[in-house]
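Before any comments, here is the structure.
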There are 4 protein chains.
Amino acid sequence: MYKKIIEPRIGETDGMRHINNTALPVWFEIARNPIFRIFDPDLELTYKKWKLIMVRSDFNYLRQIYYGHDVEIRTYVTKIGNTSLTVHHEAWQKGKLRANGSTVMIYYDFIKQESMSLTDDIRKELKKHYITKEELEKKNRKEEKERIAENTCSKEQA
Amino acid sequence: MYKKIIEPRIGETDGMRHINNTALPVWFEIARNPIFRIFDPDLELTYKKWKLIMVRSDFNYLRQIYYGHDVEIRTYVTKIGNTSLTVHHEAWQKGKLRANGSTVMIYYDFIKQESMSLTDDIRKELKKHYITKEELEKKNRKEEKERIAENTCSKEQA
Amino acid sequence: MYKKIIEPRIGETDGMRHINNTALPVWFEIARNPIFRIFDPDLELTYKKWKLIMVRSDFNYLRQIYYGHDVEIRTYVTKIGNTSLTVHHEAWQKGKLRANGSTVMIYYDFIKQESMSLTDDIRKELKKHYITKEELEKKNRKEEKERIAENTCSKEQA
Amino acid sequence: MYKKIIEPRIGETDGMRHINNTALPVWFEIARNPIFRIFDPDLELTYKKWKLIMVRSDFNYLRQIYYGHDVEIRTYVTKIGNTSLTVHHEAWQKGKLRANGSTVMIYYDFIKQESMSLTDDIRKELKKHYITKEELEKKNRKEEKERIAENTCSKEQA
């Protein structure tokens, strides 16, 4: 899992005074930098070096996100296919999962304009950040419970 | 169906010289303005007037989109639920469907922080732009065929 | 003078419910497309074809800009130097000048990494959109007066 | 002086493969968060609490900024007026000053829609981050020299 802290800016809020939906794709893109480095260590933007193309992304807006508090983006690899990979992102703020979403990318030769099979070296690197959907849900359920328990304790002490 | 013409900007391209994935949520948001007006005719950004909250969105990147050519965003209503609606967007450039995606929004009271049932007046308006997934696919298939036929003709004439 | 109509999006407003300052550079960039076409008619993004680099820009936020009403961007050429040009943008909404700003660009060879002298053909094209600062102020003063006069008339008739 | 590290994203590059001009206003806005906290400690986005409105900003693009390397934004207060303040931002990447710019903001009552005099408490806080233009230039000159000297040393050792 990769962690990236995002400090929201006022311009990312909208008239409803929470973070606008268009901020999430931007935050998740920053969080993919270490994934990009697996494929192109120097992040060199040439057709020869860059080998990833996005084919799909989705976003679930679970709770409102606010300005004034850091957001932690957690990034996992949830699928390693033949020519594609799926990355899962979560946005946590003040201990709560606020949004999540997945991105499917293809290992792609921009010069030949065709997809390629993921190499063994890349697979090995990606596996270090791999998690199944079940493990992810279980992990989040546990975190949610602990958080509720902590809140109950602090209320009882108060 | 609503149509909105977008003129891409150089800043929306990235180092791979096509439009970056983060431009699509921005373009689709502009294209939803007429949908927003069904709910809030003056687009007044107050908790009393604004009644829509986004819960989900997805994007399919089908073909590369380039700078230098207008993009037509076509917007349909594909589902009218009890408290929610689904909007479908397509991005066409140079006669080809380049990207599409759906957005699920809830009819929402920001003061009480709860969802509401869509009124009959709103349903009536939304139905004017309603299309089934099957009709949409059929329509796009027809357009794709005509386009291929036209290209063949123009090649034969050339 | 070039005109470009911008339809603001909800995501461009911020928590203060007017358009956030970061929208202006984006709108002005779209409005420069016809200027870019003078230098690179097909807007081809290669080091061989693209010949402009930005060195300076400024923005004056004169009045608040709101969501829900179109914004007209008016673009003029205000200086034609040896290797550089200055472009002036204005943002008008509901008949009022809301923001303006200038952008200085250099005619630049990205391969040799050096500036070049503007050619006669380019100068000729740029001159068609040239205005002096004095003419611009005079023009805006006249428009402002007419607008006030019109408002007075409509009030008297009401 | 405030420091904020920005990790550029691929979507902030454009077809010319350096960071697009529109990224700077966004990065400088994030860097103003600690300034905003002087005026509104909880960054509460209400007309009652938020008291700053932007009237002017400018940007100098001194050197190209690239994807793949962190950018350090340094923020200073360069003018404390009666009702206004000027903030100066610098963007450093790989030891070089790549861009800078100033932002003028007014201490502003959004309910009465009028400017207010900066309070003594606010002045005191702002002074902690104050620098004159001369000191700033001197400081940057020194840093530039040291950097060149270091480079010379490392070359001699190599």
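If you're wondering about the labels, chains in the structure tokens are A, B, ... by order shown, residues count from 1 in each chain, ligands from 1 in order shown.
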Query raised in the report: Hey, what's within 6 Å of stretch 96-100 of chain B if we count only C-alpha atoms and toss same-chain stuff fewer than 5 positions away? As a ChimeraX atom specification, please?
Result: /B:59-63,89-91
Based on only C-alpha atoms, which of the residues in chain A come within 6 Å of chain B? I want them as a compact mmCIF listing (two decimals) with N, CA, C and O atoms, in the first residue's frame.
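The resulting file, part-v5.txt, is reproduced below:
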```txt
# COMPACT_ATOMS: atom_id res chain seq x y z
N GLY A 15 -19.44 25.67 -4.36
CA GLY A 15 -20.44 26.47 -3.66
C GLY A 15 -21.16 25.72 -2.55
O GLY A 15 -21.77 26.35 -1.68
N THR A 22 -14.51 16.77 -8.98
CA THR A 22 -13.40 16.77 -9.93
C THR A 22 -12.02 16.76 -9.25
O THR A 22 -11.00 16.55 -9.91
N PRO A 25 -10.16 12.67 -9.09
CA PRO A 25 -9.27 12.16 -10.15
C PRO A 25 -7.88 12.78 -10.10
O PRO A 25 -6.88 12.11 -10.38
N LEU A 45 8.75 11.50 -19.80
CA LEU A 45 7.54 11.58 -20.64
C LEU A 45 7.88 11.53 -22.13
O LEU A 45 7.78 12.54 -22.83
N VAL A 55 -7.68 3.10 -19.26
CA VAL A 55 -8.87 2.70 -20.03
C VAL A 55 -10.17 2.87 -19.26
O VAL A 55 -11.24 2.99 -19.86
N ARG A 56 -10.10 2.92 -17.94
CA ARG A 56 -11.32 3.00 -17.16
C ARG A 56 -11.02 3.57 -15.78
O ARG A 56 -9.94 3.32 -15.23
N SER A 57 -11.94 4.32 -15.23
CA SER A 57 -11.81 4.74 -13.83
C SER A 57 -13.20 4.94 -13.25
O SER A 57 -14.14 5.26 -13.98
N ASP A 58 -13.34 4.69 -11.94
CA ASP A 58 -14.62 4.97 -11.29
C ASP A 58 -14.37 5.54 -9.91
O ASP A 58 -13.29 5.38 -9.34
N PHE A 59 -15.37 6.24 -9.42
CA PHE A 59 -15.25 6.98 -8.16
C PHE A 59 -16.54 6.82 -7.36
O PHE A 59 -17.62 6.99 -7.92
N ASN A 60 -16.40 6.48 -6.09
CA ASN A 60 -17.54 6.44 -5.18
C ASN A 60 -17.38 7.54 -4.15
O ASN A 60 -16.38 7.57 -3.43
N TYR A 61 -18.36 8.43 -4.10
CA TYR A 61 -18.33 9.55 -3.15
C TYR A 61 -19.15 9.10 -1.94
O TYR A 61 -20.38 9.12 -1.99
```
Query - Minimum-distance residue to A:Asn33, chosen among A:Lys3, A:Arg9, A:Lys127, A:Lys142 (using only C-alpha atoms) - result: A:Lys3
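Secondary structure of stretch 44-152 of chain B, helix (DSSP H, G or I) only (DSSP, backbone atoms): Asp120, Asp121, Ile122, Arg123, Lys124, Glu125, Leu126, Lys127, Lys133, Glu134, Glu135, Leu136, Glu137, Lys138, Lys139, Asn140, Arg141, Lys142, Glu143, Glu144, Lys145, Glu146, Arg147, Ile148, Ala149, Glu150, Asn151 and Thr152 of chain B.
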Requested in this report: Check stretch 60-129 of chain C with DSSP on the backbone and list each residue it calls strand (DSSP E), as an MDAnalysis selection string.
Outcome: chainID C and resid 60:61 71:80 84:93 96:109 114:115
Report task. Extract, using only C-alpha atoms, all DNA, RNA and protein residues at most 9 Å from stretch 72-88 of chain D, discarding same-chain residues fewer than 3 positions from it, and format them as JSON, numbers by chain. Result -> {"D": [1, 2, 3, 4, 5, 6, 7, 27, 28, 31, 32, 35, 91, 92, 93, 100, 101, 102, 103, 104, 105, 106, 107, 108, 115, 116, 117, 118, 123, 126, 127, 128, 129, 130, 131, 132, 133]}
Report task. Would you kindly return, as an NGL selection string, each protein, DNA or RNA residue with an atom no farther than 6 Å from any atom of D:His18, considering only C-alpha atoms and excluding same-chain residues fewer than 4 positions away? Result -> :D and (13 or 65-66)
Report summary line: The distance between atom CA of A:Ile19 and atom CA of A:Tyr67 is 6.8 Å
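Atom pair atom CA of B:Ile111 / atom CA of B:Phe39 has a distance of 16.0 Å (rounded to one decimal).
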